[in-house]
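File shown: structure_14.pdb (PDB, C-alpha atoms).
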```pdb
ATOM      1  CA  MET A   1     -26.667 271.440 -80.947  1.00  0.00           C
ATOM      2  CA  ALA A   2     -24.404 270.260 -78.149  1.00  0.00           C
ATOM      3  CA  ASP A   3     -25.841 268.419 -75.175  1.00  0.00           C
ATOM      4  CA  LYS A   4     -27.473 270.749 -72.697  1.00  0.00           C
ATOM      5  CA  THR A   5     -25.346 271.627 -69.718  1.00  0.00           C
ATOM      6  CA  ASN A   6     -26.574 272.303 -66.211  1.00  0.00           C
ATOM      7  CA  VAL A   7     -25.963 276.017 -66.913  1.00  0.00           C
ATOM      8  CA  MET A   8     -28.284 275.926 -69.949  1.00  0.00           C
ATOM      9  CA  ARG A   9     -30.974 274.089 -67.951  1.00  0.00           C
ATOM     10  CA  ILE A  10     -30.761 276.692 -65.147  1.00  0.00           C
ATOM     11  CA  LEU A  11     -31.093 279.574 -67.634  1.00  0.00           C
ATOM     12  CA  GLU A  12     -34.127 277.919 -69.254  1.00  0.00           C
ATOM     13  CA  ARG A  13     -35.753 277.103 -65.900  1.00  0.00           C
ATOM     14  CA  GLU A  14     -35.265 280.721 -64.740  1.00  0.00           C
ATOM     15  CA  GLY A  15     -36.627 282.090 -68.026  1.00  0.00           C
ATOM     16  CA  VAL A  16     -33.401 283.952 -68.797  1.00  0.00           C
ATOM     17  CA  ALA A  17     -32.993 285.013 -72.434  1.00  0.00           C
ATOM     18  CA  HIS A  18     -29.696 283.593 -73.668  1.00  0.00           C
ATOM     19  CA  SER A  19     -27.969 282.106 -76.668  1.00  0.00           C
ATOM     20  CA  VAL A  20     -25.525 279.228 -76.800  1.00  0.00           C
ATOM     21  CA  HIS A  21     -22.269 279.388 -78.755  1.00  0.00           C
ATOM     22  CA  THR A  22     -20.052 276.396 -79.371  1.00  0.00           C
ATOM     23  CA  TYR A  23     -16.433 276.233 -80.479  1.00  0.00           C
ATOM     24  CA  SER A  24     -13.836 273.559 -81.076  1.00  0.00           C
ATOM     25  CA  PRO A  25     -11.561 273.167 -78.049  1.00  0.00           C
ATOM     26  CA  GLU A  26      -8.769 272.533 -80.575  1.00  0.00           C
ATOM     27  CA  THR A  27      -8.738 276.287 -81.297  1.00  0.00           C
ATOM     28  CA  GLY A  28      -7.509 276.754 -77.696  1.00  0.00           C
ATOM     29  CA  ILE A  29      -9.400 277.042 -74.434  1.00  0.00           C
ATOM     30  CA  ASP A  30      -7.852 280.297 -73.244  1.00  0.00           C
ATOM     31  CA  GLY A  31     -10.395 283.090 -73.222  1.00  0.00           C
ATOM     32  CA  VAL A  32      -8.965 285.192 -76.037  1.00  0.00           C
ATOM     33  CA  SER A  33      -8.856 282.144 -78.358  1.00  0.00           C
ATOM     34  CA  VAL A  34     -12.449 281.340 -77.419  1.00  0.00           C
ATOM     35  CA  ALA A  35     -13.571 284.937 -78.080  1.00  0.00           C
ATOM     36  CA  ARG A  36     -11.870 284.852 -81.501  1.00  0.00           C
ATOM     37  CA  ALA A  37     -13.394 281.449 -82.343  1.00  0.00           C
ATOM     38  CA  LEU A  38     -16.844 282.843 -81.514  1.00  0.00           C
ATOM     39  CA  GLY A  39     -16.262 286.135 -83.342  1.00  0.00           C
ATOM     40  CA  GLN A  40     -16.908 288.003 -80.085  1.00  0.00           C
ATOM     41  CA  ASP A  41     -15.286 291.099 -78.566  1.00  0.00           C
ATOM     42  CA  PRO A  42     -12.809 289.786 -75.936  1.00  0.00           C
ATOM     43  CA  GLN A  43     -13.974 292.596 -73.621  1.00  0.00           C
ATOM     44  CA  ALA A  44     -17.480 291.044 -73.629  1.00  0.00           C
ATOM     45  CA  VAL A  45     -16.318 287.457 -73.064  1.00  0.00           C
ATOM     46  CA  PHE A  46     -15.732 286.757 -69.384  1.00  0.00           C
ATOM     47  CA  LYS A  47     -13.722 284.089 -67.604  1.00  0.00           C
ATOM     48  CA  THR A  48     -14.571 282.621 -64.214  1.00  0.00           C
ATOM     49  CA  LEU A  49     -11.792 282.538 -61.621  1.00  0.00           C
ATOM     50  CA  VAL A  50     -12.081 280.822 -58.253  1.00  0.00           C
ATOM     51  CA  THR A  51      -9.959 282.068 -55.362  1.00  0.00           C
ATOM     52  CA  GLN A  52      -9.428 281.330 -51.710  1.00  0.00           C
ATOM     53  CA  GLY A  53      -9.157 284.028 -49.080  1.00  0.00           C
ATOM     54  CA  LYS A  54      -6.859 284.088 -46.077  1.00  0.00           C
ATOM     55  CA  SER A  55      -9.941 283.002 -44.097  1.00  0.00           C
ATOM     56  CA  ARG A  56     -10.052 279.835 -46.315  1.00  0.00           C
ATOM     57  CA  ALA A  57     -13.389 280.973 -47.814  1.00  0.00           C
ATOM     58  CA  LEU A  58     -13.832 280.602 -51.579  1.00  0.00           C
ATOM     59  CA  TYR A  59     -14.770 283.461 -53.906  1.00  0.00           C
ATOM     60  CA  VAL A  60     -15.645 283.667 -57.596  1.00  0.00           C
ATOM     61  CA  PHE A  61     -14.483 286.501 -59.851  1.00  0.00           C
ATOM     62  CA  VAL A  62     -15.814 286.977 -63.380  1.00  0.00           C
ATOM     63  CA  ILE A  63     -13.586 289.207 -65.520  1.00  0.00           C
ATOM     64  CA  PRO A  64     -12.961 289.928 -69.231  1.00  0.00           C
ATOM     65  CA  VAL A  65     -10.836 287.160 -70.783  1.00  0.00           C
ATOM     66  CA  ALA A  66      -8.065 289.515 -71.927  1.00  0.00           C
ATOM     67  CA  GLN A  67      -7.679 291.055 -68.459  1.00  0.00           C
ATOM     68  CA  THR A  68      -5.807 290.003 -65.321  1.00  0.00           C
ATOM     69  CA  LEU A  69      -7.466 289.768 -61.924  1.00  0.00           C
ATOM     70  CA  SER A  70      -6.029 292.263 -59.455  1.00  0.00           C
ATOM     71  CA  LEU A  71      -5.652 290.180 -56.295  1.00  0.00           C
ATOM     72  CA  LYS A  72      -5.544 293.400 -54.275  1.00  0.00           C
ATOM     73  CA  ARG A  73      -8.823 294.698 -55.741  1.00  0.00           C
ATOM     74  CA  ALA A  74     -10.412 291.248 -55.455  1.00  0.00           C
ATOM     75  CA  ALA A  75      -9.432 290.965 -51.781  1.00  0.00           C
ATOM     76  CA  ALA A  76     -10.870 294.425 -51.130  1.00  0.00           C
ATOM     77  CA  ALA A  77     -14.113 293.505 -52.928  1.00  0.00           C
ATOM     78  CA  CYS A  78     -14.689 290.448 -50.745  1.00  0.00           C
ATOM     79  CA  GLY A  79     -13.317 291.928 -47.512  1.00  0.00           C
ATOM     80  CA  GLU A  80     -10.306 289.602 -47.197  1.00  0.00           C
ATOM     81  CA  LYS A  81      -6.781 290.613 -46.197  1.00  0.00           C
ATOM     82  CA  ALA A  82      -5.446 288.580 -49.124  1.00  0.00           C
ATOM     83  CA  ILE A  83      -6.609 286.040 -51.694  1.00  0.00           C
ATOM     84  CA  ASP A  84      -4.887 283.525 -53.940  1.00  0.00           C
ATOM     85  CA  MET A  85      -6.040 281.517 -56.930  1.00  0.00           C
ATOM     86  CA  LEU A  86      -7.561 278.177 -55.944  1.00  0.00           C
ATOM     87  CA  PRO A  87      -5.210 275.353 -57.006  1.00  0.00           C
ATOM     88  CA  GLN A  88      -6.520 273.757 -60.214  1.00  0.00           C
ATOM     89  CA  LYS A  89      -6.849 270.304 -58.582  1.00  0.00           C
ATOM     90  CA  LEU A  90      -9.359 271.796 -56.097  1.00  0.00           C
ATOM     91  CA  LEU A  91     -11.551 273.362 -58.796  1.00  0.00           C
ATOM     92  CA  LEU A  92     -13.667 270.305 -59.690  1.00  0.00           C
ATOM     93  CA  PRO A  93     -14.366 269.135 -56.111  1.00  0.00           C
ATOM     94  CA  ASN A  94     -15.337 272.660 -55.007  1.00  0.00           C
ATOM     95  CA  THR A  95     -17.278 273.904 -58.052  1.00  0.00           C
ATOM     96  CA  GLY A  96     -18.266 270.848 -60.079  1.00  0.00           C
ATOM     97  CA  TYR A  97     -16.445 272.348 -63.073  1.00  0.00           C
ATOM     98  CA  VAL A  98     -13.124 271.673 -64.809  1.00  0.00           C
ATOM     99  CA  HIS A  99     -10.488 274.250 -65.750  1.00  0.00           C
ATOM    100  CA  GLY A 100     -11.581 275.856 -69.033  1.00  0.00           C
ATOM    101  CA  GLY A 101     -15.237 274.990 -68.430  1.00  0.00           C
ATOM    102  CA  CYS A 102     -15.926 276.781 -65.155  1.00  0.00           C
ATOM    103  CA  SER A 103     -19.126 278.837 -65.140  1.00  0.00           C
ATOM    104  CA  PRO A 104     -20.307 281.255 -62.463  1.00  0.00           C
ATOM    105  CA  VAL A 105     -23.803 279.757 -62.945  1.00  0.00           C
ATOM    106  CA  GLY A 106     -24.706 276.437 -61.341  1.00  0.00           C
ATOM    107  CA  MET A 107     -21.721 275.801 -59.110  1.00  0.00           C
ATOM    108  CA  LYS A 108     -21.942 272.879 -56.663  1.00  0.00           C
ATOM    109  CA  LYS A 109     -22.718 275.327 -53.886  1.00  0.00           C
ATOM    110  CA  PRO A 110     -23.299 279.070 -54.117  1.00  0.00           C
ATOM    111  CA  LEU A 111     -20.096 281.043 -53.578  1.00  0.00           C
ATOM    112  CA  PRO A 112     -19.732 284.809 -53.117  1.00  0.00           C
ATOM    113  CA  THR A 113     -19.404 286.083 -56.685  1.00  0.00           C
ATOM    114  CA  PHE A 114     -18.093 289.352 -58.094  1.00  0.00           C
ATOM    115  CA  ILE A 115     -18.404 290.479 -61.714  1.00  0.00           C
ATOM    116  CA  ASP A 116     -16.073 293.079 -63.179  1.00  0.00           C
ATOM    117  CA  GLU A 117     -17.954 296.360 -63.515  1.00  0.00           C
ATOM    118  CA  THR A 118     -17.057 296.568 -67.228  1.00  0.00           C
ATOM    119  CA  ALA A 119     -19.794 293.954 -67.851  1.00  0.00           C
ATOM    120  CA  GLU A 120     -22.293 296.795 -67.409  1.00  0.00           C
ATOM    121  CA  LEU A 121     -20.958 298.396 -70.606  1.00  0.00           C
ATOM    122  CA  PHE A 122     -22.425 295.598 -72.741  1.00  0.00           C
ATOM    123  CA  ASP A 123     -25.979 294.523 -73.603  1.00  0.00           C
ATOM    124  CA  THR A 124     -24.818 290.912 -73.370  1.00  0.00           C
ATOM    125  CA  VAL A 125     -21.732 289.062 -72.167  1.00  0.00           C
ATOM    126  CA  CYS A 126     -20.512 285.509 -72.711  1.00  0.00           C
ATOM    127  CA  VAL A 127     -19.480 283.099 -69.939  1.00  0.00           C
ATOM    128  CA  SER A 128     -18.746 279.393 -69.940  1.00  0.00           C
ATOM    129  CA  ALA A 129     -21.768 277.148 -70.364  1.00  0.00           C
ATOM    130  CA  GLY A 130     -20.182 274.724 -67.902  1.00  0.00           C
ATOM    131  CA  LYS A 131     -18.062 272.662 -70.251  1.00  0.00           C
ATOM    132  CA  ILE A 132     -15.164 273.214 -72.596  1.00  0.00           C
ATOM    133  CA  GLY A 133     -16.487 274.046 -76.067  1.00  0.00           C
ATOM    134  CA  ALA A 134     -19.648 275.907 -75.046  1.00  0.00           C
ATOM    135  CA  GLN A 135     -20.463 279.449 -73.956  1.00  0.00           C
ATOM    136  CA  VAL A 136     -23.730 281.173 -73.066  1.00  0.00           C
ATOM    137  CA  GLU A 137     -24.482 284.782 -73.920  1.00  0.00           C
ATOM    138  CA  LEU A 138     -26.827 286.688 -71.611  1.00  0.00           C
ATOM    139  CA  ALA A 139     -27.492 290.132 -70.175  1.00  0.00           C
ATOM    140  CA  PRO A 140     -24.998 291.041 -67.425  1.00  0.00           C
ATOM    141  CA  ASP A 141     -27.802 291.936 -65.004  1.00  0.00           C
ATOM    142  CA  ASP A 142     -29.314 288.458 -65.494  1.00  0.00           C
ATOM    143  CA  LEU A 143     -25.907 286.944 -64.711  1.00  0.00           C
ATOM    144  CA  LEU A 144     -25.695 289.164 -61.630  1.00  0.00           C
ATOM    145  CA  ARG A 145     -29.156 288.095 -60.438  1.00  0.00           C
ATOM    146  CA  LEU A 146     -28.610 284.380 -61.091  1.00  0.00           C
ATOM    147  CA  THR A 147     -25.317 284.261 -59.216  1.00  0.00           C
ATOM    148  CA  GLY A 148     -26.191 286.733 -56.449  1.00  0.00           C
ATOM    149  CA  ALA A 149     -23.099 288.634 -57.564  1.00  0.00           C
ATOM    150  CA  THR A 150     -21.890 292.175 -56.994  1.00  0.00           C
ATOM    151  CA  TYR A 151     -20.271 294.438 -59.577  1.00  0.00           C
ATOM    152  CA  ALA A 152     -16.762 295.581 -58.625  1.00  0.00           C
ATOM    153  CA  ALA A 153     -13.555 296.967 -60.153  1.00  0.00           C
ATOM    154  CA  LEU A 154     -11.475 293.789 -60.353  1.00  0.00           C
ATOM    155  CA  THR A 155      -8.813 294.106 -63.033  1.00  0.00           C
ATOM    156  CA  GLU A 156      -5.350 295.655 -63.064  1.00  0.00           C
TER     157      GLU A 156
END
```

Final structure tokens representation of the file:
Amino acid sequence: MADKTNVMRILEREGVAHSVHTYSPETGIDGVSVARALGQDPQAVFKTLVTQGKSRALYVFVIPVAQTLSLKRAAAACGEKAIDMLPQKLLLPNTGYVHGGCSPVGMKKPLPTFIDETAELFDTVCVSAGKIGAQVELAPDDLLRLTGATYAALTE
């Protein structure tokens, strides 16, 4: 199996039931390609998006890979007047993760996190394991607990 990531170590330390799925990054790192490579329902595979509010605070949104984040709904969820996507070059220094391998679990510092409410429809969901080529599958409520997240309607 692939080298353990920080995400996998956190899940083990917290006693969270999970499974690890790996894929070849050559199949594409966009979420729908990853879901296909893993044979998973794209509605149950979630991507991690990092945004910055008008206040300059950072927020994390976890949504199904085939969906688009509604900036209006996201701003409402976190109580900001407006939010924008964090520029890609600021992702690594702020989260410890690279584009395509960003996980809501184990960020450099805890950030306010919101998970699309559709996660509750599934027994398990997949999110990045913290590096390109690896995903972890776990119960959405475990993901919520680990990240201190809130469920919200986030997609368009």

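For the residues A:His18, A:Ile29, A:Gly100, A:Pro112, ranking by smallest atom-to-atom distance to Leu58 of chain A using all atoms listed in the file places A:Pro112 first.
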
**Request:** Figure out the distance between atom CA of Val136 of chain A and atom CA of Val20 of chain A, please, to one decimal in Å.
**Result:**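 Distance reported for this atom pair: 4.6 Å.
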
**Asked** Leaving out segment 84-97 of chain A and any residue of its chain fewer than 2 positions from it, which residues lie within 10 Å of it when counting all atoms listed in the file, given as a PyMOL selection string?
**Response** chain A and resi 49-54+56+58-60+69+71-72+74-75+82+99-104+106-111+130-132

**Prompt:** So how far away is atom CA of Glu80 of chain A from atom CA of Ala44 of chain A, in Å?
**Reply:**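 Separating atom CA of Ala44 of chain A from atom CA of Glu80 of chain A is a distance of 27.4 Å.
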
Residue by residue, what does the PyMOL selection byres ((chain A and resi 122) around 12) grab here? Present the result as a PDB file with C-alpha atoms, in the frame of the given file.
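Contents of selection_14.pdb, as written:
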```pdb
ATOM      1  CA  GLN A  40     -16.908 288.003 -80.085  1.00  0.00           C
ATOM      2  CA  ASP A  41     -15.286 291.099 -78.566  1.00  0.00           C
ATOM      3  CA  PRO A  42     -12.809 289.786 -75.936  1.00  0.00           C
ATOM      4  CA  GLN A  43     -13.974 292.596 -73.621  1.00  0.00           C
ATOM      5  CA  ALA A  44     -17.480 291.044 -73.629  1.00  0.00           C
ATOM      6  CA  VAL A  45     -16.318 287.457 -73.064  1.00  0.00           C
ATOM      7  CA  PHE A  46     -15.732 286.757 -69.384  1.00  0.00           C
ATOM      8  CA  PRO A  64     -12.961 289.928 -69.231  1.00  0.00           C
ATOM      9  CA  ASP A 116     -16.073 293.079 -63.179  1.00  0.00           C
ATOM     10  CA  GLU A 117     -17.954 296.360 -63.515  1.00  0.00           C
ATOM     11  CA  THR A 118     -17.057 296.568 -67.228  1.00  0.00           C
ATOM     12  CA  ALA A 119     -19.794 293.954 -67.851  1.00  0.00           C
ATOM     13  CA  GLU A 120     -22.293 296.795 -67.409  1.00  0.00           C
ATOM     14  CA  LEU A 121     -20.958 298.396 -70.606  1.00  0.00           C
ATOM     15  CA  ASP A 123     -25.979 294.523 -73.603  1.00  0.00           C
ATOM     16  CA  THR A 124     -24.818 290.912 -73.370  1.00  0.00           C
ATOM     17  CA  VAL A 125     -21.732 289.062 -72.167  1.00  0.00           C
ATOM     18  CA  CYS A 126     -20.512 285.509 -72.711  1.00  0.00           C
ATOM     19  CA  GLU A 137     -24.482 284.782 -73.920  1.00  0.00           C
ATOM     20  CA  LEU A 138     -26.827 286.688 -71.611  1.00  0.00           C
ATOM     21  CA  ALA A 139     -27.492 290.132 -70.175  1.00  0.00           C
ATOM     22  CA  PRO A 140     -24.998 291.041 -67.425  1.00  0.00           C
ATOM     23  CA  ASP A 141     -27.802 291.936 -65.004  1.00  0.00           C
TER      24      ASP A 141
END
```

Show which residues sit within 7 Å of Gly31 of chain A, as an mmCIF file with C-alpha atoms, keeping the file's coordinate frame. Count all atoms listed in the file, and ignore same-chain residues fewer than 4 positions away.
```
data_model
loop_
_atom_site.group_PDB
_atom_site.id
_atom_site.type_symbol
_atom_site.label_atom_id
_atom_site.label_comp_id
_atom_site.auth_asym_id
_atom_site.auth_seq_id
_atom_site.Cartn_x
_atom_site.Cartn_y
_atom_site.Cartn_z
ATOM 1 C CA ALA A 35 -13.571 284.937 -78.080
ATOM 2 C CA LYS A 47 -13.722 284.089 -67.604
ATOM 3 C CA VAL A 65 -10.836 287.160 -70.783
ATOM 4 C CA ALA A 66 -8.065 289.515 -71.927
#
```

**Request:** Please indicate the distance in Å from atom CA of Ser24 of chain A to atom CA of Ala37 of chain A, rounded to one decimal place.
**Result:**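 Rounded to one decimal, the two atoms are 8.0 Å apart.
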
**Prompt:** With distances taken over only C-alpha atoms, which of A:Ala152, A:Val32, A:Ala134, A:Ala129 is nearest to Val105 of chain A?
**Reply:**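 Among the listed residues, the smallest separation from Val105 of chain A belongs to A:Ala129.
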
**Request:** Give the answer as one residue: which of A:Lys81, A:Ala149, A:Leu144, A:Ser128 has the shortest atom-to-atom distance to Thr5 of chain A, using all atoms listed in the file?
**Result:**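 Of the candidates, the smallest distance to Thr5 of chain A is held by A:Ser128.
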